[in-house]
>>> print(open('upload.cif').read())   # mmCIF, C-alpha atoms and all ligand atoms
data_input
#
loop_
_atom_site.label_atom_id
_atom_site.label_comp_id
_atom_site.auth_asym_id
_atom_site.auth_seq_id
_atom_site.Cartn_x
_atom_site.Cartn_y
_atom_site.Cartn_z
CA MET V 125 -81.21 -28.38 -78.57
CA PRO V 126 -84.09 -25.98 -77.95
CA LEU V 127 -87.79 -26.68 -77.91
CA LEU V 128 -90.72 -24.57 -79.18
CA ALA V 129 -93.90 -24.53 -77.07
CA ILE V 130 -97.31 -23.19 -78.05
CA GLU V 131 -100.28 -22.32 -75.79
CA THR V 132 -103.75 -21.36 -77.13
CA SER V 133 -106.18 -23.00 -74.67
CA CYS V 134 -108.16 -19.85 -73.83
CA ASP V 135 -107.58 -16.18 -74.65
CA GLU V 136 -103.79 -15.92 -74.68
CA THR V 137 -101.78 -16.74 -77.80
CA SER V 138 -98.32 -17.66 -76.57
CA ALA V 139 -95.10 -19.20 -77.91
CA ALA V 140 -91.89 -19.86 -76.01
CA VAL V 141 -88.46 -21.28 -76.69
CA VAL V 142 -86.96 -23.29 -73.84
CA HIS V 143 -83.51 -24.80 -73.59
CA GLN V 144 -82.12 -26.85 -70.68
CA GLY V 145 -84.56 -25.43 -68.12
CA ARG V 146 -84.03 -21.86 -69.29
CA VAL V 147 -86.69 -19.80 -71.00
CA LEU V 148 -85.04 -18.12 -73.99
CA SER V 149 -88.25 -16.34 -74.98
CA ASN V 150 -91.89 -16.26 -73.89
CA VAL V 151 -94.13 -14.14 -76.10
CA VAL V 152 -97.75 -13.68 -74.95
CA SER V 153 -100.45 -11.89 -76.93
CA SER V 154 -103.50 -11.36 -74.72
CA GLN V 155 -107.02 -11.00 -76.12
CA ILE V 156 -108.56 -9.61 -72.90
CA SER V 157 -109.65 -6.30 -74.43
CA LEU V 158 -111.29 -8.11 -77.37
CA HIS V 159 -113.56 -10.15 -75.06
CA ALA V 160 -114.19 -7.41 -72.47
CA GLU V 161 -117.23 -5.98 -74.24
CA TYR V 162 -118.92 -9.43 -74.13
CA GLY V 163 -118.23 -9.90 -70.39
CA GLY V 164 -116.33 -13.17 -70.97
CA VAL V 165 -114.29 -15.14 -73.49
CA VAL V 166 -116.18 -15.81 -76.76
CA PRO V 167 -114.75 -19.13 -78.08
CA GLU V 168 -115.08 -18.42 -81.80
CA LEU V 169 -113.57 -14.96 -81.48
CA ALA V 170 -110.71 -16.47 -79.46
CA ALA V 171 -110.01 -19.09 -82.13
CA ARG V 172 -110.05 -16.51 -84.92
CA GLU V 173 -107.69 -14.27 -82.99
CA HIS V 174 -105.32 -17.21 -82.30
CA LEU V 175 -105.27 -17.91 -86.06
CA ARG V 176 -104.33 -14.30 -86.73
CA ASN V 177 -101.68 -14.09 -84.00
CA LEU V 178 -100.06 -17.50 -83.79
CA LEU V 179 -97.55 -17.21 -86.61
CA PRO V 180 -96.31 -13.70 -85.68
CA VAL V 181 -96.11 -14.76 -82.00
CA ALA V 182 -94.17 -17.95 -82.85
CA ARG V 183 -91.83 -16.05 -85.17
CA ALA V 184 -91.23 -13.45 -82.46
CA ALA V 185 -90.45 -16.20 -79.91
CA LEU V 186 -87.93 -17.84 -82.28
CA GLY V 187 -86.42 -14.45 -83.16
CA GLU V 188 -86.05 -13.37 -79.54
CA ALA V 189 -84.36 -16.67 -78.73
CA SER V 190 -82.14 -16.39 -81.85
CA VAL V 191 -83.21 -19.88 -82.84
CA THR V 192 -84.29 -21.00 -86.32
CA ALA V 193 -87.00 -23.60 -86.87
CA ASP V 194 -84.55 -26.23 -88.13
CA GLN V 195 -82.56 -25.92 -84.88
CA LEU V 196 -85.54 -27.07 -82.82
CA ASP V 197 -85.29 -30.39 -81.04
CA ALA V 198 -89.02 -30.82 -80.41
CA VAL V 199 -92.34 -28.96 -80.57
CA ALA V 200 -94.95 -28.97 -77.80
CA ALA V 201 -98.47 -27.57 -77.43
CA THR V 202 -101.35 -27.57 -74.99
CA ARG V 203 -103.66 -30.51 -75.77
CA GLY V 204 -106.28 -29.74 -73.12
CA PRO V 205 -108.23 -28.78 -71.14
CA GLY V 206 -109.48 -25.64 -72.84
CA LEU V 207 -111.87 -24.19 -75.41
CA PRO V 208 -112.00 -26.71 -78.29
CA SER V 209 -111.75 -24.23 -81.14
CA ALA V 210 -108.97 -22.28 -79.41
CA LEU V 211 -106.97 -25.39 -78.50
CA MET V 212 -107.27 -26.68 -82.05
CA VAL V 213 -105.37 -23.72 -83.53
CA GLY V 214 -102.19 -24.10 -81.48
CA PHE V 215 -102.28 -27.88 -81.26
CA ARG V 216 -102.65 -28.50 -84.99
CA ALA V 217 -100.08 -25.83 -85.91
CA ALA V 218 -97.51 -27.31 -83.51
CA GLN V 219 -98.28 -30.83 -84.66
CA ALA V 220 -97.80 -29.79 -88.30
CA ALA V 221 -94.55 -27.98 -87.52
CA ALA V 222 -93.17 -31.05 -85.73
CA PHE V 223 -94.20 -33.24 -88.67
CA VAL V 224 -92.54 -30.98 -91.24
CA LEU V 225 -89.35 -30.70 -89.15
CA GLY V 226 -89.33 -34.41 -88.40
CA ARG V 227 -89.13 -33.77 -84.65
CA PRO V 228 -91.08 -35.25 -81.72
CA PHE V 229 -94.36 -33.55 -80.80
CA LEU V 230 -95.72 -33.36 -77.26
CA GLY V 231 -99.38 -32.54 -76.56
CA LEU V 232 -99.57 -31.62 -72.88
CA ASN V 233 -102.04 -31.04 -70.08
CA HIS V 234 -102.44 -27.32 -69.40
CA HIS V 235 -102.85 -27.82 -65.64
CA GLU V 236 -99.86 -30.09 -65.33
CA ALA V 237 -97.90 -27.27 -66.99
CA HIS V 238 -99.28 -24.78 -64.43
CA LEU V 239 -97.56 -26.88 -61.74
CA TYR V 240 -94.27 -25.83 -63.36
CA SER V 241 -94.97 -22.12 -63.86
CA PRO V 242 -93.73 -21.16 -60.35
CA TRP V 243 -90.37 -22.67 -61.42
CA VAL V 244 -90.05 -20.97 -64.78
CA SER V 245 -87.92 -18.07 -63.58
CA GLY V 246 -86.07 -16.74 -60.59
CA GLN V 247 -84.07 -18.43 -57.90
CA PRO V 248 -83.57 -21.25 -57.16
CA PRO V 249 -83.48 -22.38 -60.77
CA LEU V 250 -85.42 -25.34 -62.07
CA ALA V 251 -82.51 -27.66 -61.36
CA ASP V 252 -83.38 -27.26 -57.67
CA PHE V 253 -87.02 -28.14 -58.24
CA SER V 254 -86.54 -31.52 -56.58
CA LYS V 255 -85.57 -29.86 -53.27
CA PHE V 256 -89.09 -28.49 -53.02
CA GLN V 257 -90.91 -31.75 -53.52
CA PRO V 258 -93.20 -32.99 -52.29
CA ASN V 259 -95.30 -29.83 -52.34
CA VAL V 260 -98.91 -28.71 -52.40
CA SER V 261 -99.82 -26.62 -55.47
CA LEU V 262 -102.76 -24.30 -55.87
CA ILE V 263 -103.95 -23.64 -59.45
CA VAL V 264 -106.38 -20.71 -59.38
CA SER V 265 -107.72 -19.19 -62.58
CA GLY V 266 -110.93 -17.97 -64.21
CA GLY V 267 -111.94 -21.51 -65.13
CA HIS V 268 -110.34 -23.69 -62.45
CA THR V 269 -109.52 -23.97 -58.76
CA ILE V 270 -107.45 -27.09 -58.12
CA LEU V 271 -105.33 -28.25 -55.20
CA VAL V 272 -102.62 -30.74 -56.16
CA HIS V 273 -100.18 -32.90 -54.21
CA VAL V 274 -96.94 -32.91 -56.21
CA ARG V 275 -95.05 -35.92 -54.87
CA SER V 276 -92.09 -35.73 -57.20
CA GLU V 277 -91.29 -34.58 -60.70
CA LEU V 278 -94.09 -35.58 -63.11
CA ALA V 279 -95.90 -37.41 -60.27
CA HIS V 280 -98.90 -35.67 -58.80
CA ARG V 281 -102.40 -36.31 -57.49
CA VAL V 282 -105.33 -33.90 -57.49
CA LEU V 283 -106.53 -33.42 -53.90
CA GLY V 284 -109.60 -31.35 -54.65
CA SER V 285 -111.15 -28.81 -56.98
CA THR V 286 -114.14 -26.51 -57.16
CA VAL V 287 -117.56 -28.13 -57.22
CA ASP V 288 -119.08 -25.08 -58.97
CA ASP V 289 -117.49 -21.69 -59.80
CA ALA V 290 -113.74 -21.15 -59.93
CA ALA V 291 -112.11 -18.52 -57.69
CA GLY V 292 -111.43 -16.21 -60.65
CA GLU V 293 -115.00 -16.68 -61.87
CA CYS V 294 -116.19 -15.62 -58.40
CA PHE V 295 -114.09 -12.43 -58.63
CA ASP V 296 -115.43 -11.77 -62.13
CA LYS V 297 -119.11 -12.52 -61.37
CA THR V 298 -119.27 -10.60 -58.08
CA GLY V 299 -117.44 -7.74 -59.83
CA LYS V 300 -120.06 -7.78 -62.58
CA LEU V 301 -122.77 -7.42 -59.89
CA MET V 302 -120.87 -4.37 -58.67
CA GLY V 303 -120.80 -2.94 -62.20
CA LEU V 304 -117.06 -3.50 -62.69
CA PRO V 305 -115.65 -4.29 -66.16
CA TYR V 306 -114.57 -7.82 -67.18
CA PRO V 307 -112.32 -9.31 -65.95
CA ALA V 308 -113.18 -7.86 -62.54
CA GLY V 309 -110.45 -9.67 -60.54
CA PRO V 310 -107.72 -7.04 -61.07
CA GLU V 311 -110.22 -4.21 -60.43
CA ILE V 312 -111.44 -5.75 -57.15
CA ASP V 313 -107.78 -6.18 -56.13
CA ARG V 314 -107.17 -2.48 -56.84
CA LEU V 315 -110.33 -1.18 -55.12
CA ALA V 316 -109.84 -3.49 -52.11
CA GLU V 317 -106.57 -1.76 -51.31
CA GLY V 318 -108.41 1.18 -49.75
CA GLY V 319 -111.15 -0.93 -48.16
CA ASN V 320 -111.82 -2.66 -44.86
CA PRO V 321 -111.86 -6.46 -45.32
CA LYS V 322 -113.90 -6.83 -42.11
CA ALA V 323 -116.59 -4.31 -43.11
CA TYR V 324 -119.04 -6.94 -44.35
CA ASP V 325 -119.18 -10.58 -43.34
CA PHE V 326 -119.50 -12.94 -46.33
CA PRO V 327 -119.57 -16.75 -46.14
CA ARG V 328 -116.37 -18.78 -46.54
CA PRO V 329 -117.90 -21.80 -48.34
CA MET V 330 -116.51 -25.24 -47.42
CA ILE V 331 -113.71 -23.70 -45.37
CA ASN V 332 -114.23 -26.16 -42.52
CA ASP V 333 -115.03 -29.20 -44.65
CA PRO V 334 -112.51 -31.99 -44.14
CA ASN V 335 -112.01 -32.45 -47.92
CA ASP V 336 -109.88 -30.33 -50.28
CA ASP V 337 -112.74 -29.19 -52.53
CA PHE V 338 -113.91 -25.61 -53.01
CA SER V 339 -117.24 -23.91 -53.72
CA PHE V 340 -117.68 -20.25 -54.65
CA SER V 341 -121.16 -19.97 -56.15
CA GLY V 342 -122.79 -19.37 -52.73
CA LEU V 343 -120.51 -16.41 -52.11
CA LYS V 344 -121.60 -14.88 -55.42
CA THR V 345 -125.27 -15.35 -54.44
CA SER V 346 -124.77 -13.74 -51.04
CA VAL V 347 -123.17 -10.71 -52.73
CA ARG V 348 -126.23 -10.50 -55.00
CA TYR V 349 -128.61 -10.46 -51.97
CA PHE V 350 -126.34 -8.07 -50.10
CA LEU V 351 -126.52 -5.56 -52.97
CA ARG V 352 -130.29 -5.98 -53.20
CA ASP V 353 -130.53 -5.16 -49.46
CA HIS V 354 -128.13 -2.20 -49.65
CA PRO V 355 -129.40 -0.05 -52.53
CA GLY V 356 -127.14 2.88 -53.33
CA LEU V 357 -124.07 1.29 -51.74
CA LEU V 358 -122.23 1.22 -55.07
CA ASP V 359 -122.52 5.01 -55.36
CA ASP V 360 -120.38 5.45 -52.26
CA THR V 361 -116.74 4.88 -53.24
CA GLN V 362 -115.57 4.00 -49.74
CA ARG V 363 -118.35 1.47 -49.23
CA LEU V 364 -117.57 -0.04 -52.66
CA ARG V 365 -113.94 -0.38 -51.57
CA ASP V 366 -115.08 -2.04 -48.32
CA LEU V 367 -117.28 -4.43 -50.31
CA CYS V 368 -114.39 -5.36 -52.64
CA ALA V 369 -112.05 -5.90 -49.67
CA SER V 370 -114.65 -8.04 -47.86
CA VAL V 371 -115.41 -10.24 -50.90
CA GLN V 372 -111.70 -10.61 -51.64
CA ALA V 373 -111.03 -11.56 -48.00
CA ALA V 374 -113.67 -14.31 -48.16
CA ILE V 375 -112.17 -15.83 -51.35
CA VAL V 376 -108.58 -15.52 -50.14
CA ASP V 377 -109.41 -16.94 -46.69
CA VAL V 378 -110.78 -20.12 -48.23
CA LEU V 379 -107.86 -20.56 -50.65
CA VAL V 380 -105.17 -19.95 -48.02
CA THR V 381 -106.81 -22.00 -45.26
CA LYS V 382 -107.36 -25.04 -47.46
CA ALA V 383 -103.92 -24.93 -49.13
CA ILE V 384 -102.09 -24.64 -45.79
CA ARG V 385 -104.24 -27.31 -44.15
CA ALA V 386 -103.49 -29.75 -46.99
CA ALA V 387 -99.76 -28.95 -46.81
CA LYS V 388 -99.69 -29.68 -43.06
CA ARG V 389 -101.77 -32.83 -43.35
CA LEU V 390 -99.51 -34.21 -46.09
CA ASP V 391 -96.41 -33.01 -44.24
CA VAL V 392 -94.88 -31.28 -47.27
CA GLY V 393 -92.34 -28.48 -46.90
CA CYS V 394 -93.47 -26.27 -49.76
CA VAL V 395 -96.58 -24.61 -51.18
CA THR V 396 -96.78 -23.22 -54.73
CA ALA V 397 -99.43 -21.22 -56.58
CA SER V 398 -100.12 -20.30 -60.20
CA GLY V 399 -103.00 -19.20 -62.45
CA GLY V 400 -104.45 -15.72 -63.02
CA VAL V 401 -105.79 -15.29 -59.47
CA THR V 402 -102.22 -15.67 -58.16
CA CYS V 403 -101.76 -12.06 -59.39
CA ASN V 404 -104.00 -11.02 -56.49
CA ARG V 405 -101.90 -9.07 -54.01
CA SER V 406 -103.89 -10.06 -50.96
CA LEU V 407 -103.62 -13.76 -51.87
CA ARG V 408 -99.86 -13.41 -52.31
CA GLN V 409 -99.47 -11.58 -48.98
CA ARG V 410 -101.73 -13.92 -47.05
CA LEU V 411 -100.10 -17.07 -48.47
CA SER V 412 -96.71 -15.61 -47.69
CA ALA V 413 -97.66 -14.80 -44.07
CA ALA V 414 -99.29 -18.19 -43.53
CA CYS V 415 -96.32 -20.09 -44.97
CA GLU V 416 -93.92 -18.11 -42.80
CA ARG V 417 -96.00 -18.90 -39.72
CA GLU V 418 -96.13 -22.61 -40.59
CA ARG V 419 -92.46 -22.72 -41.65
CA LEU V 420 -93.35 -23.70 -45.19
CA THR V 421 -91.46 -22.53 -48.26
CA LEU V 422 -93.67 -20.60 -50.66
CA ARG V 423 -93.09 -20.50 -54.38
CA LEU V 424 -95.43 -18.24 -56.37
CA ALA V 425 -95.51 -17.92 -60.15
CA GLY V 426 -93.62 -14.76 -61.09
CA LYS V 427 -94.87 -11.66 -62.83
CA GLY V 428 -96.31 -12.44 -66.24
CA LEU V 429 -96.22 -16.18 -65.51
CA CYS V 430 -99.35 -16.46 -63.32
CA THR V 431 -101.62 -16.17 -66.35
CA ASP V 432 -101.44 -18.54 -69.31
CA ASN V 433 -98.10 -18.71 -71.08
CA ALA V 434 -96.14 -21.09 -73.30
CA ALA V 435 -93.02 -21.05 -71.09
CA MET V 436 -94.67 -23.40 -68.60
CA ILE V 437 -95.65 -25.73 -71.47
CA GLY V 438 -92.05 -25.71 -72.70
CA ILE V 439 -90.58 -26.40 -69.25
CA LEU V 440 -92.92 -29.36 -68.73
CA ALA V 441 -92.19 -30.66 -72.27
CA GLU V 442 -88.45 -30.59 -71.58
CA ARG V 443 -88.87 -32.49 -68.32
CA LYS V 444 -90.99 -35.09 -70.12
CA LEU V 445 -88.41 -35.48 -72.87
CA ALA V 446 -85.66 -35.80 -70.23
CA VAL V 447 -87.35 -38.88 -68.78
CA ARG V 448 -88.13 -40.15 -72.28
CA THR V 449 -91.89 -39.81 -71.97
CA ASP V 450 -93.29 -40.86 -75.32
CA ALA V 451 -94.11 -38.17 -77.84
CA THR V 452 -97.78 -37.67 -78.71
CA LEU V 453 -98.92 -39.60 -81.79
CA SER V 454 -98.86 -37.49 -84.95
CA ASP V 455 -102.57 -38.15 -85.60
CA ALA V 456 -103.62 -37.40 -81.99
CA ASP V 457 -106.46 -34.98 -81.32
CA ILE V 458 -107.08 -32.27 -78.73
CA LEU V 459 -108.62 -33.24 -75.35
CA PRO V 460 -110.81 -30.24 -74.36
CA ASN V 461 -112.04 -31.93 -71.14
CA TRP V 462 -108.73 -33.48 -70.09
CA ALA V 463 -108.90 -33.34 -66.31
CA LEU V 464 -105.72 -33.47 -64.26
CA GLU V 465 -105.71 -36.60 -62.09
O1 LIG Y 1 -105.19 -17.90 -65.71
P1 LIG Y 1 -106.05 -16.85 -66.34
O2 LIG Y 1 -105.38 -15.74 -67.10
O3 LIG Y 1 -107.07 -17.45 -67.37
C1 LIG Y 1 -107.86 -18.56 -67.19
O4 LIG Y 1 -108.93 -18.40 -66.59
O5 LIG Y 1 -107.43 -19.65 -67.63
O6 LIG Y 1 -106.94 -16.24 -65.19
C2 LIG Y 1 -107.86 -15.22 -65.39
C3 LIG Y 1 -108.58 -14.98 -64.08
C4 LIG Y 1 -109.75 -14.01 -64.22
O7 LIG Y 1 -110.87 -14.57 -63.55
C5 LIG Y 1 -109.25 -12.76 -63.54
O8 LIG Y 1 -110.27 -11.98 -62.96
C6 LIG Y 1 -108.34 -13.33 -62.48
O9 LIG Y 1 -107.68 -14.40 -63.12
N1 LIG Y 1 -107.36 -12.35 -61.99
C7 LIG Y 1 -107.39 -11.83 -60.75
C8 LIG Y 1 -106.34 -10.89 -60.69
N2 LIG Y 1 -105.71 -10.85 -61.90
C9 LIG Y 1 -106.35 -11.77 -62.69
N3 LIG Y 1 -108.18 -12.09 -59.72
C10 LIG Y 1 -107.97 -11.41 -58.58
N4 LIG Y 1 -106.99 -10.47 -58.44
C11 LIG Y 1 -106.17 -10.19 -59.47
N5 LIG Y 1 -105.21 -9.28 -59.32
ZN ZN Y 2 -104.34 -21.62 -67.15
#
>>> encode(input="upload.cif", output="C-alpha cells")
Amino acid sequence: MPLLAIETSCDETSAAVVHQGRVLSNVVSSQISLHAEYGGVVPELAAREHLRNLLPVARAALGEASVTADQLDAVAATRGPGLPSALMVGFRAAQAAAFVLGRPFLGLNHHEAHLYSPWVSGQPPLADFSKFQPNVSLIVSGGHTILVHVRSELAHRVLGSTVDDAAGECFDKTGKLMGLPYPAGPEIDRLAEGGNPKAYDFPRPMINDPNDDFSFSGLKTSVRYFLRDHPGLLDDTQRLRDLCASVQAAIVDVLVTKAIRAAKRLDVGCVTASGGVTCNRSLRQRLSAACERERLTLRLAGKGLCTDNAAMIGILAERKLAVRTDATLSDADILPNWALE
C-alpha cells in the first residue's frame, strides 16, 4: 500500500506519494520569490505559507497518484533539522493524519532523506541501490555542507561538515556582495558560464586539511576585500562573469577534491550528491569528470530532486518500514537541531 510523505523544513512545501520504491507523485510548492525581497528565508513567513499551501499540495499529491487517504499505509514527515515553525506545520499535520487514519507515522531526519534523493528516479531503480554501497555522499545546500559515508542501507556515518558557512550560503553571500538577487547560487552559475574561472585566484579553504570538514566563510571575506580593492569591477559585465566563474571554481574545487579524496580513502565505488547546490552545472561537470578519472560511479540527484522535496522523505520512510523500524511515537515532537550522525 502507498505512503504519503510531507516536507516543510525550510521554504518548500512538498507532499509525495510513494509505493514500492516508485514515486507516484511529488508536488513541490516553492516560496523562493516570497523570501527574495528579504534576502533570505524569514521563518514566520515560511510557516504561514506552509499553513496556506500544505493541504492543497497534499491533495494534489494524492490526486496525481490516484490514491485516497484511506488507501494509505503510512504517513511520514520531516522531523528535523529545519526551521522550528516551518517543521511544525508539516510534522503536526502528518502526525494528525496518521492518527485519524490509524496508520503508522514516521518522523524522519531531513539529511538522511537527502542520502536517498539521488535514487528517487532514473536508472538503475532503487532496487539496485545496494549495488552502489558503500558510497560517499555529499549533501550541499543553503544551510548545510555534509560529507557522509553510506556503508549500507540505513547505515551511515558523517565524515565531516562545514565549520562555518554552507556552500550554498557562500554562493548566496558572495552573490549579495556582487549585487545579485537572492538566492544568488543559480545567478552565479549562469553568469559564470561566460567567465574565466582562472581570472582571479581565491582561497580554497581547508582543501588540503586531512579531515573531511569544510569552511567557506574565509572565501566570502576575501571576495569582500577583493571588491573593495577593485572598485567599478561590477560595472564591467565580462569582469563580473570572470569573478562569478572564479568564486564558483573555488567552491567547486573544495567540494570535488574532498568528496573524491574521502571516496578513495574509504575505498568505495560510488559517489552521490544532493541538495540545492547540486543544481550547479560546474559542480556536476567537475564531479562527473573526477569520478570518471578515478573510476568511481557517480549518482547525482535528478532535476527537481536536488532541492527539498517529499519524494526523498517517502523513499526513506518506505525503506524504514521495510526493515520494521519503529514508527515515531504519536506524541513525539519536532527536532529542529537533529544532526545526522
Ligand atoms: O537545498 P536547498 O533548496 O535549500 C536549503 O538550503 O535547504 O538549497 C538552496 C541553496 C541556495 O543557497 C542556492 O543558492 C543554492 O542552493 N543553489 C545553487 C544553484 N541552485 C541552487 N548554487 C549554485 N548553483 C546553482 N545552480
Ligand atoms: Zn535539504
>>> residues_around(input="upload.cif", residues="segment 283-293 of chain V", least_positions_apart="4", cutoff="7 Å", atoms="all atoms listed in the file", output="ChimeraX atom specification")
/V:264-273,297,309,336-341,375,401
>>> closest_atom_pairs(input="upload.cif", of="chain V", to="ligand LIG 1 (chain Y)", cutoff="8 Å", atoms="only C-alpha atoms and all ligand atoms", output="JSON lines")
{"residue": "V:Ser133", "atom": "CA", "partner": "Y:LIG1", "partner_atom": "O5", "distance": 7.9}
{"residue": "V:Cys134", "atom": "CA", "partner": "Y:LIG1", "partner_atom": "O5", "distance": 6.2}
{"residue": "V:Asp135", "atom": "CA", "partner": "Y:LIG1", "partner_atom": "O3", "distance": 7.4}
{"residue": "V:Glu136", "atom": "CA", "partner": "Y:LIG1", "partner_atom": "O2", "distance": 7.7}
{"residue": "V:Val264", "atom": "CA", "partner": "Y:LIG1", "partner_atom": "O1", "distance": 7.0}
{"residue": "V:Ser265", "atom": "CA", "partner": "Y:LIG1", "partner_atom": "O6", "distance": 4.0}
{"residue": "V:Gly266", "atom": "CA", "partner": "Y:LIG1", "partner_atom": "O4", "distance": 3.1}
{"residue": "V:Gly267", "atom": "CA", "partner": "Y:LIG1", "partner_atom": "O4", "distance": 4.6}
{"residue": "V:His268", "atom": "CA", "partner": "Y:LIG1", "partner_atom": "O4", "distance": 6.9}
{"residue": "V:Ala291", "atom": "CA", "partner": "Y:LIG1", "partner_atom": "O7", "distance": 7.2}
{"residue": "V:Gly292", "atom": "CA", "partner": "Y:LIG1", "partner_atom": "O7", "distance": 3.4}
{"residue": "V:Glu293", "atom": "CA", "partner": "Y:LIG1", "partner_atom": "O7", "distance": 4.9}
{"residue": "V:Cys294", "atom": "CA", "partner": "Y:LIG1", "partner_atom": "O7", "distance": 7.5}
{"residue": "V:Phe295", "atom": "CA", "partner": "Y:LIG1", "partner_atom": "O8", "distance": 5.8}
{"residue": "V:Asp296", "atom": "CA", "partner": "Y:LIG1", "partner_atom": "O8", "distance": 5.2}
{"residue": "V:Tyr306", "atom": "CA", "partner": "Y:LIG1", "partner_atom": "O8", "distance": 7.3}
{"residue": "V:Pro307", "atom": "CA", "partner": "Y:LIG1", "partner_atom": "O8", "distance": 4.5}
{"residue": "V:Ala308", "atom": "CA", "partner": "Y:LIG1", "partner_atom": "O8", "distance": 5.1}
{"residue": "V:Gly309", "atom": "CA", "partner": "Y:LIG1", "partner_atom": "O8", "distance": 3.4}
{"residue": "V:Pro310", "atom": "CA", "partner": "Y:LIG1", "partner_atom": "N5", "distance": 3.8}
{"residue": "V:Glu311", "atom": "CA", "partner": "Y:LIG1", "partner_atom": "N5", "distance": 7.2}
{"residue": "V:Ile312", "atom": "CA", "partner": "Y:LIG1", "partner_atom": "N4", "distance": 6.6}
{"residue": "V:Asp313", "atom": "CA", "partner": "Y:LIG1", "partner_atom": "N4", "distance": 4.9}
{"residue": "V:Arg314", "atom": "CA", "partner": "Y:LIG1", "partner_atom": "N5", "distance": 7.5}
{"residue": "V:Gln372", "atom": "CA", "partner": "Y:LIG1", "partner_atom": "C10", "distance": 7.9}
{"residue": "V:Ser398", "atom": "CA", "partner": "Y:LIG1", "partner_atom": "O1", "distance": 7.9}
{"residue": "V:Gly399", "atom": "CA", "partner": "Y:LIG1", "partner_atom": "O1", "distance": 4.1}
{"residue": "V:Gly400", "atom": "CA", "partner": "Y:LIG1", "partner_atom": "O6", "distance": 3.3}
{"residue": "V:Val401", "atom": "CA", "partner": "Y:LIG1", "partner_atom": "N3", "distance": 4.0}
{"residue": "V:Thr402", "atom": "CA", "partner": "Y:LIG1", "partner_atom": "C8", "distance": 6.8}
{"residue": "V:Cys403", "atom": "CA", "partner": "Y:LIG1", "partner_atom": "N5", "distance": 4.4}
{"residue": "V:Asn404", "atom": "CA", "partner": "Y:LIG1", "partner_atom": "N5", "distance": 3.5}
{"residue": "V:Arg405", "atom": "CA", "partner": "Y:LIG1", "partner_atom": "N5", "distance": 6.3}
{"residue": "V:Cys430", "atom": "CA", "partner": "Y:LIG1", "partner_atom": "O1", "distance": 6.5}
{"residue": "V:Thr431", "atom": "CA", "partner": "Y:LIG1", "partner_atom": "O2", "distance": 3.9}
{"residue": "V:Asp432", "atom": "CA", "partner": "Y:LIG1", "partner_atom": "O1", "distance": 5.2}
>>> closest_residue(input="upload.cif", among="V:Phe223, V:Phe253, V:Phe326, V:Tyr240", to="ligand ZN 2 (chain Y)", atoms="only C-alpha atoms and all ligand atoms")
V:Tyr240
>>> atom_distance(input="upload.cif", atom1="atom CA of Cys368 of chain V", atom2="atom CA of Asn335 of chain V")
27.6 Å
>>> atom_distance(input="upload.cif", atom1="atom CA of Pro208 of chain V", atom2="atom CA of Leu278 of chain V")
25.1 Å
>>> atom_distance(input="upload.cif", atom1="atom CA of Ala198 of chain V", atom2="atom CA of His234 of chain V")
17.7 Å
>>> residues_near_point(input="upload.cif", point="(-85.5, -24.6, -71.0)", cutoff="10 Å", atoms="only C-alpha atoms", output="list in words")
Met125, Pro126, Leu127, Leu128, Ala140, Val141, Val142, His143, Gln144, Gly145, Arg146, Val147, Leu148, Ser149, Val244, Leu250, Ala435, Met436, Gly438, Ile439, Leu440, Ala441, Glu442 and Arg443 of chain V
>>> closest_residue(input="upload.cif", among="V:Thr396, V:Ser153, V:Gln195, V:Asn433", to="ligand ZN 2 (chain Y)", atoms="all atoms listed in the file")
V:Asn433
>>> closest_residue(input="upload.cif", among="V:Met302, V:Leu230, V:Val181, V:Leu315", to="Pro355 of chain V", atoms="all atoms listed in the file")
V:Met302
>>> closest_residue(input="upload.cif", among="V:Leu420, V:Leu239, V:Ala171, V:Val260", to="ligand ZN 2 (chain Y)", atoms="only C-alpha atoms and all ligand atoms")
V:Leu239
>>> decode(input="upload.cif", residues="segment 398-405 of chain V", atoms="N, CA, C and O atoms", output="PDB file, in the first residue's frame")
ATOM      1  N   SER V 398      23.511  15.509  -3.441  1.00  0.00           N
ATOM      2  CA  SER V 398      22.151  16.056  -3.425  1.00  0.00           C
ATOM      3  C   SER V 398      22.157  17.378  -2.667  1.00  0.00           C
ATOM      4  O   SER V 398      23.180  17.755  -2.097  1.00  0.00           O
ATOM      5  N   GLY V 399      21.021  18.072  -2.654  1.00  0.00           N
ATOM      6  CA  GLY V 399      20.940  19.400  -2.044  1.00  0.00           C
ATOM      7  C   GLY V 399      20.986  20.455  -3.140  1.00  0.00           C
ATOM      8  O   GLY V 399      21.494  20.191  -4.241  1.00  0.00           O
ATOM      9  N   GLY V 400      20.464  21.647  -2.838  1.00  0.00           N
ATOM     10  CA  GLY V 400      20.304  22.695  -3.846  1.00  0.00           C
ATOM     11  C   GLY V 400      21.541  22.997  -4.679  1.00  0.00           C
ATOM     12  O   GLY V 400      21.448  23.231  -5.889  1.00  0.00           O
ATOM     13  N   VAL V 401      22.729  22.971  -4.053  1.00  0.00           N
ATOM     14  CA  VAL V 401      23.956  23.318  -4.786  1.00  0.00           C
ATOM     15  C   VAL V 401      24.291  22.266  -5.852  1.00  0.00           C
ATOM     16  O   VAL V 401      25.030  22.542  -6.802  1.00  0.00           O
ATOM     17  N   THR V 402      23.710  21.083  -5.723  1.00  0.00           N
ATOM     18  CA  THR V 402      23.931  20.039  -6.744  1.00  0.00           C
ATOM     19  C   THR V 402      23.326  20.447  -8.094  1.00  0.00           C
ATOM     20  O   THR V 402      23.602  19.823  -9.120  1.00  0.00           O
ATOM     21  N   CYS V 403      22.480  21.499  -8.097  1.00  0.00           N
ATOM     22  CA  CYS V 403      21.976  22.036  -9.377  1.00  0.00           C
ATOM     23  C   CYS V 403      23.115  22.695 -10.153  1.00  0.00           C
ATOM     24  O   CYS V 403      23.009  22.892 -11.369  1.00  0.00           O
ATOM     25  N   ASN V 404      24.180  23.077  -9.462  1.00  0.00           N
ATOM     26  CA  ASN V 404      25.255  23.849 -10.112  1.00  0.00           C
ATOM     27  C   ASN V 404      25.909  23.029 -11.228  1.00  0.00           C
ATOM     28  O   ASN V 404      26.424  21.933 -10.998  1.00  0.00           O
ATOM     29  N   ARG V 405      25.917  23.623 -12.416  1.00  0.00           N
ATOM     30  CA  ARG V 405      26.396  22.862 -13.587  1.00  0.00           C
ATOM     31  C   ARG V 405      27.879  22.554 -13.519  1.00  0.00           C
ATOM     32  O   ARG V 405      28.313  21.480 -13.920  1.00  0.00           O
TER      33      ARG V 405
END
